[in-house]
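Participant: data27.tsv is the file, holding TSV, C-alpha atoms:
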```tsv
chain	number	residue	atom	x	y	z
A	3	MET	CA	97.09	148.39	105.76
A	4	ASP	CA	96.65	149.42	102.13
A	5	SER	CA	98.23	152.78	101.36
A	6	HIS	CA	94.96	153.95	99.77
A	7	ILE	CA	93.13	153.79	103.10
A	8	ALA	CA	92.84	157.16	104.81
A	9	PRO	CA	91.01	158.31	107.94
A	10	VAL	CA	87.69	160.14	107.52
A	11	GLU	CA	86.81	162.99	109.92
A	12	LEU	CA	84.24	161.69	112.38
A	13	GLN	CA	81.83	164.56	111.65
A	14	LYS	CA	81.71	163.43	108.01
A	15	ALA	CA	81.50	159.71	108.75
A	16	TYR	CA	77.72	159.69	108.16
A	17	ARG	CA	78.41	160.39	104.48
A	18	LEU	CA	79.91	156.93	104.11
A	19	ILE	CA	76.47	155.33	104.57
A	20	ASN	CA	74.08	158.21	103.88
A	21	HIS	CA	73.29	156.93	100.37
A	22	GLY	CA	71.81	153.75	101.87
A	23	PRO	CA	74.24	151.04	100.77
A	24	THR	CA	74.06	147.44	101.87
A	25	VAL	CA	76.92	146.95	104.34
A	26	LEU	CA	79.06	144.21	105.81
A	27	VAL	CA	79.06	143.85	109.59
A	28	SER	CA	82.14	142.27	111.15
A	29	ALA	CA	83.04	141.51	114.74
A	30	ARG	CA	85.64	139.69	116.85
A	31	HIS	CA	85.26	137.94	120.20
A	32	GLY	CA	87.00	135.09	121.96
A	33	GLY	CA	89.38	134.51	119.07
A	34	VAL	CA	86.58	134.26	116.48
A	35	ASP	CA	86.06	136.69	113.58
A	36	ASN	CA	82.87	136.75	111.54
A	37	VAL	CA	81.30	138.84	108.80
A	38	MET	CA	77.68	139.16	107.68
A	39	ALA	CA	75.83	141.33	105.17
A	40	ALA	CA	73.13	143.75	106.31
A	41	ALA	CA	70.80	145.80	104.15
A	42	TRP	CA	69.27	147.33	107.27
A	43	ALA	CA	71.90	149.76	108.49
A	44	CYS	CA	71.32	153.50	108.71
A	45	ALA	CA	72.88	156.70	110.01
A	46	LEU	CA	71.34	157.96	113.26
A	47	ASP	CA	73.29	161.10	114.27
A	48	PHE	CA	76.02	163.45	113.05
A	49	SER	CA	78.05	164.27	116.14
A	50	PRO	CA	79.03	162.13	117.79
A	51	PRO	CA	78.22	159.97	114.79
A	52	LYS	CA	75.88	157.08	115.49
A	53	LEU	CA	74.20	154.47	113.36
A	54	THR	CA	71.66	151.69	113.64
A	55	VAL	CA	71.95	148.14	112.34
A	56	VAL	CA	69.54	145.21	112.55
A	57	LEU	CA	71.25	141.99	113.66
A	58	ASP	CA	69.03	138.93	113.60
A	59	LYS	CA	69.26	136.66	116.65
A	60	ALA	CA	70.19	133.74	114.38
A	61	THR	CA	73.42	135.36	113.15
A	62	GLY	CA	76.79	134.31	114.49
A	63	THR	CA	78.08	137.85	114.13
A	64	ARG	CA	75.50	139.14	116.62
A	65	ALA	CA	76.90	136.86	119.32
A	66	LEU	CA	80.37	138.34	118.74
A	67	VAL	CA	78.95	141.88	118.93
A	68	ASP	CA	77.23	140.99	122.18
A	69	GLY	CA	80.48	139.56	123.52
A	70	SER	CA	82.81	142.40	122.58
A	71	GLY	CA	80.51	145.41	122.44
A	72	MET	CA	82.21	146.43	119.17
A	73	PHE	CA	81.64	145.96	115.45
A	74	VAL	CA	82.69	147.32	112.08
A	75	ILE	CA	80.27	148.56	109.41
A	76	GLN	CA	81.94	148.53	106.02
A	77	VAL	CA	80.71	149.44	102.56
A	78	PRO	CA	81.28	146.70	99.97
A	79	THR	CA	81.71	147.44	96.29
A	80	VAL	CA	80.36	146.11	93.01
A	81	ALA	CA	83.61	144.12	92.76
A	82	GLN	CA	82.52	142.38	96.01
A	83	LEU	CA	79.03	141.39	94.83
A	84	ARG	CA	79.66	137.65	95.23
A	85	LEU	CA	81.42	138.09	98.58
A	86	THR	CA	78.55	140.24	99.88
A	87	HIS	CA	75.89	137.76	98.84
A	88	GLN	CA	77.86	134.80	100.18
A	89	VAL	CA	78.52	136.22	103.67
A	90	GLY	CA	74.85	137.24	103.72
A	91	THR	CA	73.51	133.79	102.92
A	92	SER	CA	75.92	131.36	104.64
A	93	SER	CA	76.51	130.84	108.34
A	94	MET	CA	79.69	129.89	110.17
A	95	ALA	CA	77.58	127.40	112.16
A	96	ASP	CA	77.04	125.31	109.02
A	97	THR	CA	80.10	126.41	107.06
A	98	PRO	CA	83.09	126.89	109.38
A	99	ASP	CA	85.23	128.12	106.47
A	100	LYS	CA	82.57	130.65	105.45
A	101	LEU	CA	85.02	133.56	105.24
A	102	ALA	CA	87.58	131.66	103.15
A	103	ARG	CA	84.88	130.38	100.80
A	104	ALA	CA	83.62	133.91	100.27
A	105	SER	CA	87.19	135.21	99.79
A	106	ALA	CA	86.63	137.61	102.67
A	107	ASN	CA	90.11	138.71	103.69
A	108	LEU	CA	90.52	140.58	106.95
A	109	PHE	CA	93.05	143.24	107.89
A	110	SER	CA	93.87	145.25	111.00
A	111	ILE	CA	93.87	148.94	111.76
A	112	PRO	CA	96.24	149.90	114.60
A	113	GLY	CA	94.46	150.77	117.83
A	114	HIS	CA	91.31	148.79	116.99
A	115	ASP	CA	90.94	145.12	117.95
A	116	LEU	CA	88.45	144.49	115.15
A	117	PRO	CA	88.40	142.57	111.86
A	118	PHE	CA	88.18	144.88	108.83
A	119	VAL	CA	87.19	143.39	105.46
A	120	ALA	CA	89.73	144.14	102.74
A	121	GLY	CA	88.60	145.60	99.42
A	122	CYS	CA	85.67	147.63	100.76
A	123	SER	CA	85.36	151.35	100.07
A	124	ALA	CA	84.76	152.52	103.66
A	125	TRP	CA	84.91	151.29	107.24
A	126	LEU	CA	83.25	152.56	110.43
A	127	ALA	CA	84.45	151.15	113.75
A	128	CYS	CA	81.54	151.22	116.18
A	129	LYS	CA	81.01	150.81	119.92
A	130	VAL	CA	77.63	149.44	120.96
A	131	ILE	CA	75.47	151.87	122.93
A	132	PRO	CA	73.63	149.27	125.02
A	133	GLU	CA	69.87	149.43	124.55
A	134	PRO	CA	68.69	146.02	125.76
A	135	HIS	CA	65.01	146.67	124.96
A	136	ASN	CA	65.75	147.56	121.32
A	137	GLN	CA	68.14	144.65	120.94
A	138	ALA	CA	65.73	142.10	122.40
A	139	THR	CA	62.50	143.40	120.87
A	140	TYR	CA	63.59	144.64	117.45
A	141	ASP	CA	67.11	143.13	116.90
A	142	LEU	CA	68.07	146.83	116.65
A	143	TYR	CA	71.59	147.85	117.67
A	144	ILE	CA	72.85	151.40	118.06
A	145	GLY	CA	76.56	152.03	117.56
A	146	GLU	CA	78.67	155.11	118.14
A	147	VAL	CA	81.22	155.53	115.38
A	148	VAL	CA	84.65	155.77	117.02
A	149	GLY	CA	86.79	155.57	113.88
A	150	ALA	CA	86.17	155.96	110.14
A	151	TRP	CA	88.31	155.30	107.08
A	152	ALA	CA	87.82	155.18	103.33
A	153	ASP	CA	89.70	154.04	100.27
A	154	THR	CA	90.75	157.28	98.61
A	155	ARG	CA	90.05	155.80	95.20
A	156	ALA	CA	86.32	155.87	96.11
A	157	PHE	CA	85.93	158.59	98.80
A	158	GLU	CA	88.26	161.53	99.36
A	159	ASN	CA	88.09	164.95	101.05
A	160	GLY	CA	84.67	164.14	102.47
A	161	HIS	CA	83.10	163.14	99.14
A	162	TRP	CA	82.32	160.00	97.19
A	163	LYS	CA	84.01	159.96	93.79
A	164	PHE	CA	81.68	157.57	91.97
A	165	GLU	CA	81.49	159.92	88.98
A	166	SER	CA	85.22	159.60	88.28
A	167	ALA	CA	86.17	156.28	89.89
A	168	ASP	CA	86.04	152.93	88.15
A	169	PRO	CA	82.44	151.59	88.31
A	170	CYS	CA	83.70	148.58	90.29
A	171	TRP	CA	83.98	150.95	93.31
A	172	ARG	CA	80.26	151.74	93.38
A	173	SER	CA	78.23	150.67	96.37
A	174	LEU	CA	75.64	147.89	96.40
A	175	HIS	CA	71.97	148.29	97.33
A	176	TYR	CA	70.24	144.98	98.01
A	177	VAL	CA	66.62	144.33	97.14
A	178	ALA	CA	65.84	140.60	97.54
A	179	GLY	CA	66.63	137.19	96.06
A	180	GLY	CA	70.24	137.96	95.13
A	181	GLN	CA	69.26	141.16	93.30
A	182	PHE	CA	71.24	144.32	93.89
A	183	TYR	CA	71.41	147.75	92.35
A	184	ALA	CA	74.69	149.63	92.11
A	185	THR	CA	74.86	153.29	93.07
A	186	GLY	CA	74.11	155.24	89.89
A	187	GLU	CA	74.61	158.65	88.39
A	188	ALA	CA	75.09	161.87	90.34
A	189	HIS	CA	72.44	164.58	90.54
A	190	VAL	CA	72.85	167.96	92.20
A	191	ALA	CA	69.79	169.86	93.36
A	192	ASP	CA	69.82	173.60	92.80
A	193	ASP	CA	68.12	175.73	95.42
A	194	GLY	CA	65.15	176.18	93.16
A	195	ALA	CA	64.19	179.35	95.02
B	27	MET	CA	44.09	158.16	92.86
B	28	ASP	CA	46.23	157.57	89.79
B	29	SER	CA	45.31	154.36	87.96
B	30	HIS	CA	48.98	153.31	87.99
B	31	ILE	CA	48.99	153.01	91.79
B	32	ALA	CA	48.53	149.44	93.03
B	33	PRO	CA	48.66	147.88	96.49
B	34	VAL	CA	51.84	146.01	97.49
B	35	GLU	CA	51.56	142.87	99.64
B	36	LEU	CA	52.60	143.79	103.18
B	37	GLN	CA	55.15	140.96	103.35
B	38	LYS	CA	56.96	142.51	100.37
B	39	ALA	CA	56.68	146.11	101.55
B	40	TYR	CA	60.28	146.10	102.84
B	41	ARG	CA	61.44	145.84	99.22
B	42	LEU	CA	60.19	149.36	98.60
B	43	ILE	CA	62.94	150.79	100.82
B	44	ASN	CA	65.46	147.95	101.04
B	45	HIS	CA	67.79	149.61	98.52
B	46	GLY	CA	68.28	152.54	100.90
B	47	PRO	CA	66.60	155.43	99.10
B	48	THR	CA	66.12	158.86	100.57
B	49	VAL	CA	62.43	159.15	101.42
B	50	LEU	CA	59.75	161.75	102.01
B	51	VAL	CA	57.94	161.66	105.34
B	52	SER	CA	54.44	163.14	105.40
B	53	ALA	CA	51.92	163.52	108.19
B	54	ARG	CA	48.58	165.14	109.01
B	55	HIS	CA	47.25	166.47	112.31
B	56	GLY	CA	44.79	169.15	113.34
B	57	GLY	CA	44.07	170.14	109.77
B	58	VAL	CA	47.75	170.61	108.89
B	59	ASP	CA	49.66	168.53	106.32
B	60	ASN	CA	53.44	168.61	106.06
B	61	VAL	CA	56.20	166.81	104.18
B	62	MET	CA	59.92	166.51	104.90
B	63	ALA	CA	62.80	164.60	103.33
B	64	ALA	CA	64.70	161.97	105.31
B	65	ALA	CA	67.85	160.13	104.31
B	66	TRP	CA	67.74	158.19	107.57
B	67	ALA	CA	64.92	155.71	107.09
B	68	CYS	CA	65.43	151.95	107.11
B	69	ALA	CA	63.55	148.67	107.13
B	70	LEU	CA	63.39	146.99	110.54
B	71	ASP	CA	61.31	143.83	110.10
B	72	PHE	CA	59.54	141.72	107.48
B	73	SER	CA	56.31	140.59	109.11
B	74	PRO	CA	54.61	142.55	110.32
B	75	PRO	CA	56.69	145.03	108.35
B	76	LYS	CA	58.31	147.73	110.42
B	77	LEU	CA	60.73	150.54	109.67
B	78	THR	CA	62.74	153.18	111.46
B	79	VAL	CA	63.00	156.87	110.61
B	80	VAL	CA	64.93	159.67	112.30
B	81	LEU	CA	62.79	162.79	112.82
B	82	ASP	CA	64.68	165.77	114.19
B	83	LYS	CA	62.96	167.67	117.00
B	84	ALA	CA	63.15	170.86	114.92
B	85	THR	CA	60.94	169.50	112.14
B	86	GLY	CA	57.31	170.50	111.83
B	87	THR	CA	56.45	167.06	110.48
B	88	ARG	CA	57.56	165.39	113.72
B	89	ALA	CA	54.97	167.39	115.67
B	90	LEU	CA	52.26	166.10	113.34
B	91	VAL	CA	53.52	162.52	113.75
B	92	ASP	CA	53.45	162.96	117.52
B	93	GLY	CA	49.92	164.32	117.30
B	94	SER	CA	48.41	161.69	115.03
B	95	GLY	CA	50.60	158.63	115.63
B	96	MET	CA	50.67	158.07	111.88
B	97	PHE	CA	52.94	158.96	108.95
B	98	VAL	CA	53.67	158.04	105.35
B	99	ILE	CA	57.10	157.06	104.05
B	100	GLN	CA	57.24	157.54	100.29
B	101	VAL	CA	60.00	157.00	97.76
B	102	PRO	CA	60.67	160.04	95.57
B	103	THR	CA	62.06	159.76	92.05
B	104	VAL	CA	64.77	161.44	90.01
B	105	ALA	CA	61.98	163.53	88.49
B	106	GLN	CA	61.33	164.84	92.03
B	107	LEU	CA	64.92	165.87	92.79
B	108	ARG	CA	64.09	169.54	93.27
B	109	LEU	CA	60.94	168.76	95.31
B	110	THR	CA	62.91	166.38	97.55
B	111	HIS	CA	65.68	168.88	98.21
B	112	GLN	CA	63.21	171.72	98.80
B	113	VAL	CA	61.01	169.93	101.34
B	114	GLY	CA	64.25	168.79	103.02
B	115	THR	CA	65.69	172.29	103.37
B	116	SER	CA	62.68	174.55	104.01
B	117	SER	CA	60.38	174.66	107.01
B	118	MET	CA	56.69	175.48	107.20
B	119	ALA	CA	57.53	177.64	110.24
B	120	ASP	CA	59.44	180.08	108.00
B	121	THR	CA	57.71	179.31	104.71
B	122	PRO	CA	53.99	178.65	105.26
B	123	ASP	CA	53.54	177.86	101.56
B	124	LYS	CA	56.44	175.36	101.63
B	125	LEU	CA	54.47	172.59	99.92
B	126	ALA	CA	53.17	174.80	97.11
B	127	ARG	CA	56.62	176.27	96.50
B	128	ALA	CA	58.08	172.77	96.24
B	129	SER	CA	55.22	171.67	93.95
B	130	ALA	CA	54.41	168.91	96.44
B	131	ASN	CA	50.89	167.81	95.53
B	132	LEU	CA	49.03	165.59	97.96
B	133	PHE	CA	46.45	162.91	97.25
B	134	SER	CA	44.30	160.59	99.33
B	135	ILE	CA	44.04	156.83	99.55
B	136	PRO	CA	40.64	155.59	100.77
B	137	GLY	CA	40.70	154.30	104.32
B	138	HIS	CA	43.79	156.27	105.34
B	139	ASP	CA	43.54	159.78	106.79
B	140	LEU	CA	47.05	160.65	105.63
B	141	PRO	CA	48.61	162.95	103.00
B	142	PHE	CA	50.32	161.02	100.19
B	143	VAL	CA	52.75	162.88	97.91
B	144	ALA	CA	51.84	162.53	94.23
B	145	GLY	CA	54.47	161.43	91.72
B	146	CYS	CA	56.45	159.17	94.05
B	147	SER	CA	57.17	155.55	93.15
B	148	ALA	CA	56.02	153.95	96.42
B	149	TRP	CA	54.16	154.75	99.62
B	150	LEU	CA	54.12	153.05	103.02
B	151	ALA	CA	51.43	154.11	105.52
B	152	CYS	CA	52.83	153.65	109.01
B	153	LYS	CA	51.51	153.60	112.55
B	154	VAL	CA	53.94	154.74	115.25
B	155	ILE	CA	54.96	152.03	117.72
B	156	PRO	CA	55.49	154.30	120.71
B	157	GLU	CA	59.03	154.10	122.07
B	158	PRO	CA	59.39	157.29	124.11
B	159	HIS	CA	63.01	156.64	125.08
B	160	ASN	CA	64.14	156.20	121.45
B	161	GLN	CA	62.13	159.20	120.32
B	162	ALA	CA	63.47	161.49	123.05
B	163	THR	CA	67.08	160.28	123.11
B	164	TYR	CA	67.78	159.49	119.46
B	165	ASP	CA	64.93	161.15	117.49
B	166	LEU	CA	64.31	157.55	116.37
B	167	TYR	CA	60.76	156.51	115.47
B	168	ILE	CA	59.57	152.99	114.77
B	169	GLY	CA	56.58	152.52	112.49
B	170	GLU	CA	54.55	149.48	111.62
B	171	VAL	CA	53.63	149.46	107.95
B	172	VAL	CA	49.84	149.13	107.71
B	173	GLY	CA	49.47	149.76	103.98
B	174	ALA	CA	51.80	149.81	100.98
B	175	TRP	CA	51.37	150.90	97.37
B	176	ALA	CA	53.58	151.44	94.35
B	177	ASP	CA	53.36	153.00	90.93
B	178	THR	CA	53.30	150.01	88.60
B	179	ARG	CA	55.53	151.87	86.13
B	180	ALA	CA	58.37	151.56	88.70
B	181	PHE	CA	57.51	148.54	90.91
B	182	GLU	CA	55.28	145.63	89.94
B	183	ASN	CA	54.74	142.03	91.07
B	184	GLY	CA	57.04	142.56	94.04
B	185	HIS	CA	59.98	143.88	92.01
B	186	TRP	CA	61.49	147.22	91.07
B	187	LYS	CA	61.61	147.73	87.30
B	188	PHE	CA	64.46	150.24	87.12
B	189	GLU	CA	66.12	148.27	84.32
B	190	SER	CA	63.18	148.75	81.97
B	191	ALA	CA	61.49	151.88	83.31
B	192	ASP	CA	62.30	155.41	82.24
B	193	PRO	CA	65.35	156.62	84.26
B	194	CYS	CA	63.21	159.41	85.75
B	195	TRP	CA	61.62	156.71	87.95
B	196	ARG	CA	64.86	155.78	89.71
B	197	SER	CA	65.18	156.44	93.41
B	198	LEU	CA	67.36	159.12	95.01
B	199	HIS	CA	70.15	158.49	97.52
B	200	TYR	CA	71.25	161.65	99.33
B	201	VAL	CA	74.84	162.30	100.38
B	202	ALA	CA	75.20	165.92	101.53
B	203	GLY	CA	75.12	169.50	100.27
B	204	GLY	CA	72.41	168.96	97.65
B	205	GLN	CA	74.23	165.97	96.16
B	206	PHE	CA	72.31	162.82	95.35
B	207	TYR	CA	73.00	159.61	93.50
B	208	ALA	CA	70.29	157.85	91.51
B	209	THR	CA	69.79	154.13	91.82
B	210	GLY	CA	72.04	152.55	89.20
B	211	GLU	CA	72.42	149.36	87.25
B	212	ALA	CA	71.16	145.95	88.33
B	213	HIS	CA	73.48	143.15	89.45
B	214	VAL	CA	72.43	139.61	90.28
B	215	ALA	CA	74.62	137.48	92.54
B	216	ASP	CA	74.96	133.84	91.61
B	217	ASP	CA	75.26	131.38	94.43
B	218	GLY	CA	78.98	131.04	93.88
B	219	ALA	CA	78.98	127.67	95.58
```
Can you turn what I pasted into structure tokens?

Facilitator:
Amino acid sequence: MDSHIAPVELQKAYRLINHGPTVLVSARHGGVDNVMAAAWACALDFSPPKLTVVLDKATGTRALVDGSGMFVIQVPTVAQLRLTHQVGTSSMADTPDKLARASANLFSIPGHDLPFVAGCSAWLACKVIPEPHNQATYDLYIGEVVGAWADTRAFENGHWKFESADPCWRSLHYVAGGQFYATGEAHVADDGA
Amino acid sequence: MDSHIAPVELQKAYRLINHGPTVLVSARHGGVDNVMAAAWACALDFSPPKLTVVLDKATGTRALVDGSGMFVIQVPTVAQLRLTHQVGTSSMADTPDKLARASANLFSIPGHDLPFVAGCSAWLACKVIPEPHNQATYDLYIGEVVGAWADTRAFENGHWKFESADPCWRSLHYVAGGQFYATGEAHVADDGA
């Protein structure tokens, strides 16, 4: 595990996805690891932290999530633009070496039997809160965040450091057709009272 | 209605929020209009378009949504930073003139009995798909998008124009403690095959 990766307090884990980045979803079951991209992931609660993610029935990763009841939401960076688009547009069913082709390298975090994608800025290990109606009707999964980590070059002491970090660490925000926006400049609201 | 506001095809409405912006939620019931900010809103489906939004039980806007079964999700701009933070941190219960204080001006769109916030870049009129368990347990609401519009200075022909538009039109992405990031630079993924 890279020495830059540090745990994030669970009560601040929502901050890792609060700015609405496109994420990578990874899962492991029956000796298979897979990774997909998802623009439709969102924080749901602060404490215990929960999030939602939409997993289409056609995705291989969803089957692994259904099998294991666990998944990782991770925040890819501008440096991972090609990786993010590739794991979001190819399927292991057609392309068995999908992860190698996309240069998606996996690493482990002790105590979690999950595949974490190297090079991301943040990782949230999640346990599925079973909601069969949501899953069947809307492809909507709810996860409780049971572990959170960030690369301290991008997020430290509970805060993103995009202002000072190299721009390659910025998050990606997908629109459509291969088009993304990076996270941009910081703005602080005064109270305005 | 401002002449720059144009309808967006429903099948492309997801693009208005796909990049994960913080949104404003507005609703009308019993002669009362209210507006709140929400970082936790997310696309859920393409066709018919649906989205999720988390509405805390303490918010006045949620009561109006429960009363009318309708709400608007709109995308505020960098120019509306102060407005967005103010409607997200003050309550009509304590501050009856909340909307005036935040300079939140409302306008109408024919055929929709809903309050639309002027100056935003995009608006999605939504009808609640009742899911009492989600609403009670997770504060999670599902809406079907029944109308979508954008300001053509920011979004036109199905695409955001942040690259060419004035930076004041960029979306806001909330983190915590009054800190936002604007939508940043565009990146296009090649197929990488």

Participant: With chain A as the partner and 8 Å as the cut-off, tabulate the residues of chain B that qualify, each row holding the nearest pair of atoms and their distance in Å to one decimal, using only C-alpha atoms, sorted by chain and rising number, as a tab-separated table.

Facilitator:
```
residue	atom	partner	partner_atom	distance
B:Arg41	CA	A:Val177	CA	5.8
B:Asn44	CA	A:Val177	CA	5.4
B:His45	CA	A:His175	CA	4.5
B:Gly46	CA	A:Gly22	CA	3.9
B:Pro47	CA	A:Gly22	CA	6.1
B:Thr48	CA	A:His21	CA	7.4
B:Ala65	CA	A:Asn20	CA	6.5
B:Trp66	CA	A:Ala45	CA	5.9
B:Ala67	CA	A:Cys44	CA	7.0
B:Cys68	CA	A:Trp42	CA	6.0
B:Ala69	CA	A:Trp42	CA	5.9
B:Leu70	CA	A:Val56	CA	6.7
B:Asp71	CA	A:Tyr140	CA	7.7
B:Val80	CA	A:Leu46	CA	6.7
B:Leu107	CA	A:Ala191	CA	6.3
B:Arg108	CA	A:Ala191	CA	5.7
B:His111	CA	A:Ala191	CA	6.4
B:Gln112	CA	A:Asp193	CA	7.2
B:Tyr164	CA	A:Leu46	CA	7.3
B:Leu166	CA	A:Leu46	CA	7.7
B:His199	CA	A:His21	CA	4.5
B:Tyr200	CA	A:His21	CA	5.2
B:Val201	CA	A:Asn20	CA	5.4
B:Ala202	CA	A:Arg17	CA	7.0
B:Gly204	CA	A:Ala191	CA	5.1
B:Gln205	CA	A:Val190	CA	4.6
B:Phe206	CA	A:His189	CA	5.1
B:Tyr207	CA	A:Ala188	CA	4.4
B:Ala208	CA	A:Gly186	CA	4.9
B:Thr209	CA	A:Gly186	CA	4.9
B:Gly210	CA	A:Gly186	CA	3.5
B:Glu211	CA	A:Ala184	CA	5.4
B:Ala212	CA	A:Tyr183	CA	4.4
B:His213	CA	A:Phe182	CA	5.1
B:Val214	CA	A:Gln181	CA	4.6
B:Ala215	CA	A:Gly180	CA	5.1
B:Asp216	CA	A:Arg84	CA	7.1
B:Asp217	CA	A:Gln88	CA	7.2
B:Gly218	CA	A:Arg84	CA	6.8
```

Participant: Contacts of Leu116 (chain A) at 10 Å or less, counting all atoms listed in the file, minus same-chain residues fewer than 2 places along, as a PyMOL selection string?

Facilitator: chain A and resi 28-31+35+70+72-74+108-114+118-119+127-128

Participant: I'd like the contact shell of Val51 (chain B) - 8 Å cut-off, all atoms listed in the file, skipping same-chain residues fewer than 2 positions apart - returned as a count of residues only.

Facilitator: 11

Participant: So which one's closest to Gly95 (chain B), B:Val58, B:Ile155, B:Ala130, B:Leu150? Using all atoms listed in the file, please.

Facilitator: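 Among the listed residues, B:Ile155 lies closest to Gly95 (chain B).
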
Participant: Using all atoms listed in the file for the distances, tell me which of B:Cys146, B:Thr178, B:Gly169, B:Leu90 is nearest to Ser190 (chain B).

Facilitator: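 The shortest atom-to-atom distance to Ser190 (chain B) comes from B:Thr178.
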